[in-house]
Amino acid sequence: MMRDTFFLPVRRIKRFWVISLPLLFILIVVASTIGKEHILIFKLFDLWKGEADAVSSWLFWELWLPRALLATGVGMALALSGNVFQLLTKNPLGSPDIIGVNAGASAGAVLSAIVFPSFISMTTGALLGALIVVILVVVANGRQLSFQFEAIVCGIAMNALALSIVQFGLTGLRQENALLLAAWLSGSLSGRGWNDVGMIWLGLPIVLIGLYCINRSFTLLSLHGDVAATLGVPIRFTMLSSLLLATILSALAVLVAGPISFIALCAPHIVRKMLKTHQTVWLANAVVGAILLLLSDIVARLLPVKAHFPVGVLTAGLGGLYLLWLLIAEMRKNSF
């Protein structure tokens, strides 16, 4: 009995990887080969050997494969960012799309494209917008060793303010440019190319290495700030560095795919439920985030609608339902 109890976490982790990694691979293959009007999965070997017809090759190499890899990278980035924010705030709603980080990145990208197109790139604008929101949330938190309720409320207020800035920016554009920007703001993986894939996959490993470098300090801080301070953990450095890394991930995800909700909110919860742990488990969060976004994108692509259906619209609906479920579960817990 003691032997089984001792090895239970290891078995749980092994079972998680045995299920999640093949599922991730299958979803990447499906997302790369299946569309509404074309199914390329039976031509996969011909595509890899370069013997497929021109249309199939173009669909696979220029549209669907980069889209699948982008969905994988963006899902990983959002899940990792959400894990950082939820562990720091100790709040199930403490995800970057709820407390304004994604909206700040969107506002920064929009303003840089409209007001300062010659001086600030959209990449810099998105990062600056996200950082401004995080800085204001940190200021609202004061010198506390953990995030307080006031900081979460400040983040929600910043989210509303950033969204209003985005809408104001759209009114100053010509109609065709406003439509393009509105499509990006809905959260879409359509029409993205290898440059976007390169951007997200260049930043993702660097930030992941940074998270692993502060993993021990961050784990102690996320469990209890006072205990971490007693053990000599550099509280402010760990908090600020983890926030910076999470903000970079959110800004990169928003830049290449627009603001996509639900993934950062839901993925960490799923990992904690599956592994029965409140530790960081970065790679597990990344894989679950990729699976969620790939699955959402496949569903959005195959919906029986004539127009293009942005994946961000689908995830926003799912996020709203999941948020409602969280609130109901919390109310039931407090009633007993």
# chains A, B, ... in the order shown; residues from 1 in each chain; ligands from 1
>>> select_by_dssp(residues="region 4-176 of chain A", states="helix (DSSP H, G or I)", output="count of residues only")
134
>>> residues_around(residues="region 108-123 of chain A", least_positions_apart="2", cutoff="12 Å", atoms="only C-alpha atoms", output="JSON, numbers by chain")
{"A": [100, 101, 102, 103, 104, 105, 106, 125, 126, 127, 128, 129, 130, 131, 132, 133, 162, 163, 164, 165, 166, 167, 168, 169, 170, 171, 172, 173, 174, 177, 178, 180, 181, 182, 184, 185, 196, 199, 200, 248, 249, 250, 251, 252, 253, 254, 255, 256, 257, 258, 259]}
>>> write_last_selection(atoms="C-alpha atoms", output="PDB file, in the first residue's frame")
ATOM      1  CA  GLY A 100      -5.922  43.124 -18.966  1.00  0.00           C
ATOM      2  CA  VAL A 101      -2.526  41.934 -20.203  1.00  0.00           C
ATOM      3  CA  ASN A 102      -3.838  40.685 -23.556  1.00  0.00           C
ATOM      4  CA  ALA A 103      -6.011  43.780 -23.969  1.00  0.00           C
ATOM      5  CA  GLY A 104      -3.022  45.980 -23.139  1.00  0.00           C
ATOM      6  CA  ALA A 105      -0.947  44.217 -25.783  1.00  0.00           C
ATOM      7  CA  SER A 106      -3.780  44.718 -28.290  1.00  0.00           C
ATOM      8  CA  GLY A 125       3.872  48.414 -29.124  1.00  0.00           C
ATOM      9  CA  ALA A 126       2.284  45.139 -28.031  1.00  0.00           C
ATOM     10  CA  LEU A 127       5.030  44.495 -25.478  1.00  0.00           C
ATOM     11  CA  LEU A 128       4.865  48.060 -24.128  1.00  0.00           C
ATOM     12  CA  GLY A 129       1.077  47.918 -23.829  1.00  0.00           C
ATOM     13  CA  ALA A 130       1.202  44.646 -21.916  1.00  0.00           C
ATOM     14  CA  LEU A 131       4.017  45.902 -19.668  1.00  0.00           C
ATOM     15  CA  ILE A 132       2.122  49.094 -18.800  1.00  0.00           C
ATOM     16  CA  VAL A 133      -0.848  47.046 -17.608  1.00  0.00           C
ATOM     17  CA  ALA A 162      -7.430  48.998 -22.953  1.00  0.00           C
ATOM     18  CA  LEU A 163     -10.426  47.639 -24.862  1.00  0.00           C
ATOM     19  CA  SER A 164     -11.888  51.147 -25.067  1.00  0.00           C
ATOM     20  CA  ILE A 165      -8.568  52.414 -26.462  1.00  0.00           C
ATOM     21  CA  VAL A 166      -8.672  49.677 -29.103  1.00  0.00           C
ATOM     22  CA  GLN A 167     -12.209  50.630 -30.141  1.00  0.00           C
ATOM     23  CA  PHE A 168     -11.267  54.314 -30.248  1.00  0.00           C
ATOM     24  CA  GLY A 169      -8.287  53.487 -32.445  1.00  0.00           C
ATOM     25  CA  LEU A 170     -10.485  51.610 -34.899  1.00  0.00           C
ATOM     26  CA  THR A 171     -12.682  54.680 -35.424  1.00  0.00           C
ATOM     27  CA  GLY A 172      -9.718  56.645 -36.744  1.00  0.00           C
ATOM     28  CA  LEU A 173      -8.880  54.193 -39.529  1.00  0.00           C
ATOM     29  CA  ARG A 174     -10.119  53.909 -43.070  1.00  0.00           C
ATOM     30  CA  ASN A 177      -7.779  49.018 -42.590  1.00  0.00           C
ATOM     31  CA  ALA A 178     -10.323  48.942 -39.768  1.00  0.00           C
ATOM     32  CA  LEU A 180      -8.331  44.087 -41.276  1.00  0.00           C
ATOM     33  CA  LEU A 181      -7.511  45.205 -37.749  1.00  0.00           C
ATOM     34  CA  ALA A 182     -10.913  44.098 -36.459  1.00  0.00           C
ATOM     35  CA  TRP A 184      -6.973  40.467 -36.129  1.00  0.00           C
ATOM     36  CA  LEU A 185      -8.575  41.649 -32.871  1.00  0.00           C
ATOM     37  CA  ASP A 196       4.632  34.355 -37.451  1.00  0.00           C
ATOM     38  CA  MET A 199       8.385  34.653 -34.059  1.00  0.00           C
ATOM     39  CA  ILE A 200       6.417  32.586 -31.552  1.00  0.00           C
ATOM     40  CA  ILE A 248       6.369  38.600 -23.033  1.00  0.00           C
ATOM     41  CA  LEU A 249       4.530  35.343 -23.739  1.00  0.00           C
ATOM     42  CA  SER A 250       1.143  37.089 -23.771  1.00  0.00           C
ATOM     43  CA  ALA A 251       2.409  39.898 -25.988  1.00  0.00           C
ATOM     44  CA  LEU A 252       3.919  37.451 -28.490  1.00  0.00           C
ATOM     45  CA  ALA A 253       0.711  35.421 -28.616  1.00  0.00           C
ATOM     46  CA  VAL A 254      -1.422  38.530 -29.150  1.00  0.00           C
ATOM     47  CA  LEU A 255       0.929  39.873 -31.792  1.00  0.00           C
ATOM     48  CA  VAL A 256       0.853  36.798 -34.033  1.00  0.00           C
ATOM     49  CA  ALA A 257      -2.739  35.678 -33.457  1.00  0.00           C
ATOM     50  CA  GLY A 258      -4.671  38.509 -31.850  1.00  0.00           C
ATOM     51  CA  PRO A 259      -6.248  38.311 -28.397  1.00  0.00           C
TER      52      PRO A 259
END
>>> residues_around(residues="Ala246 (chain A)", least_positions_apart="5", cutoff="8 Å", atoms="only C-alpha atoms", output="MDAnalysis selection string")
chainID A and resid 80:82 84:85
>>> atom_distance(atom1="CA of Thr315 (chain A)", atom2="CA of Ser261 (chain A)")
5.8 Å
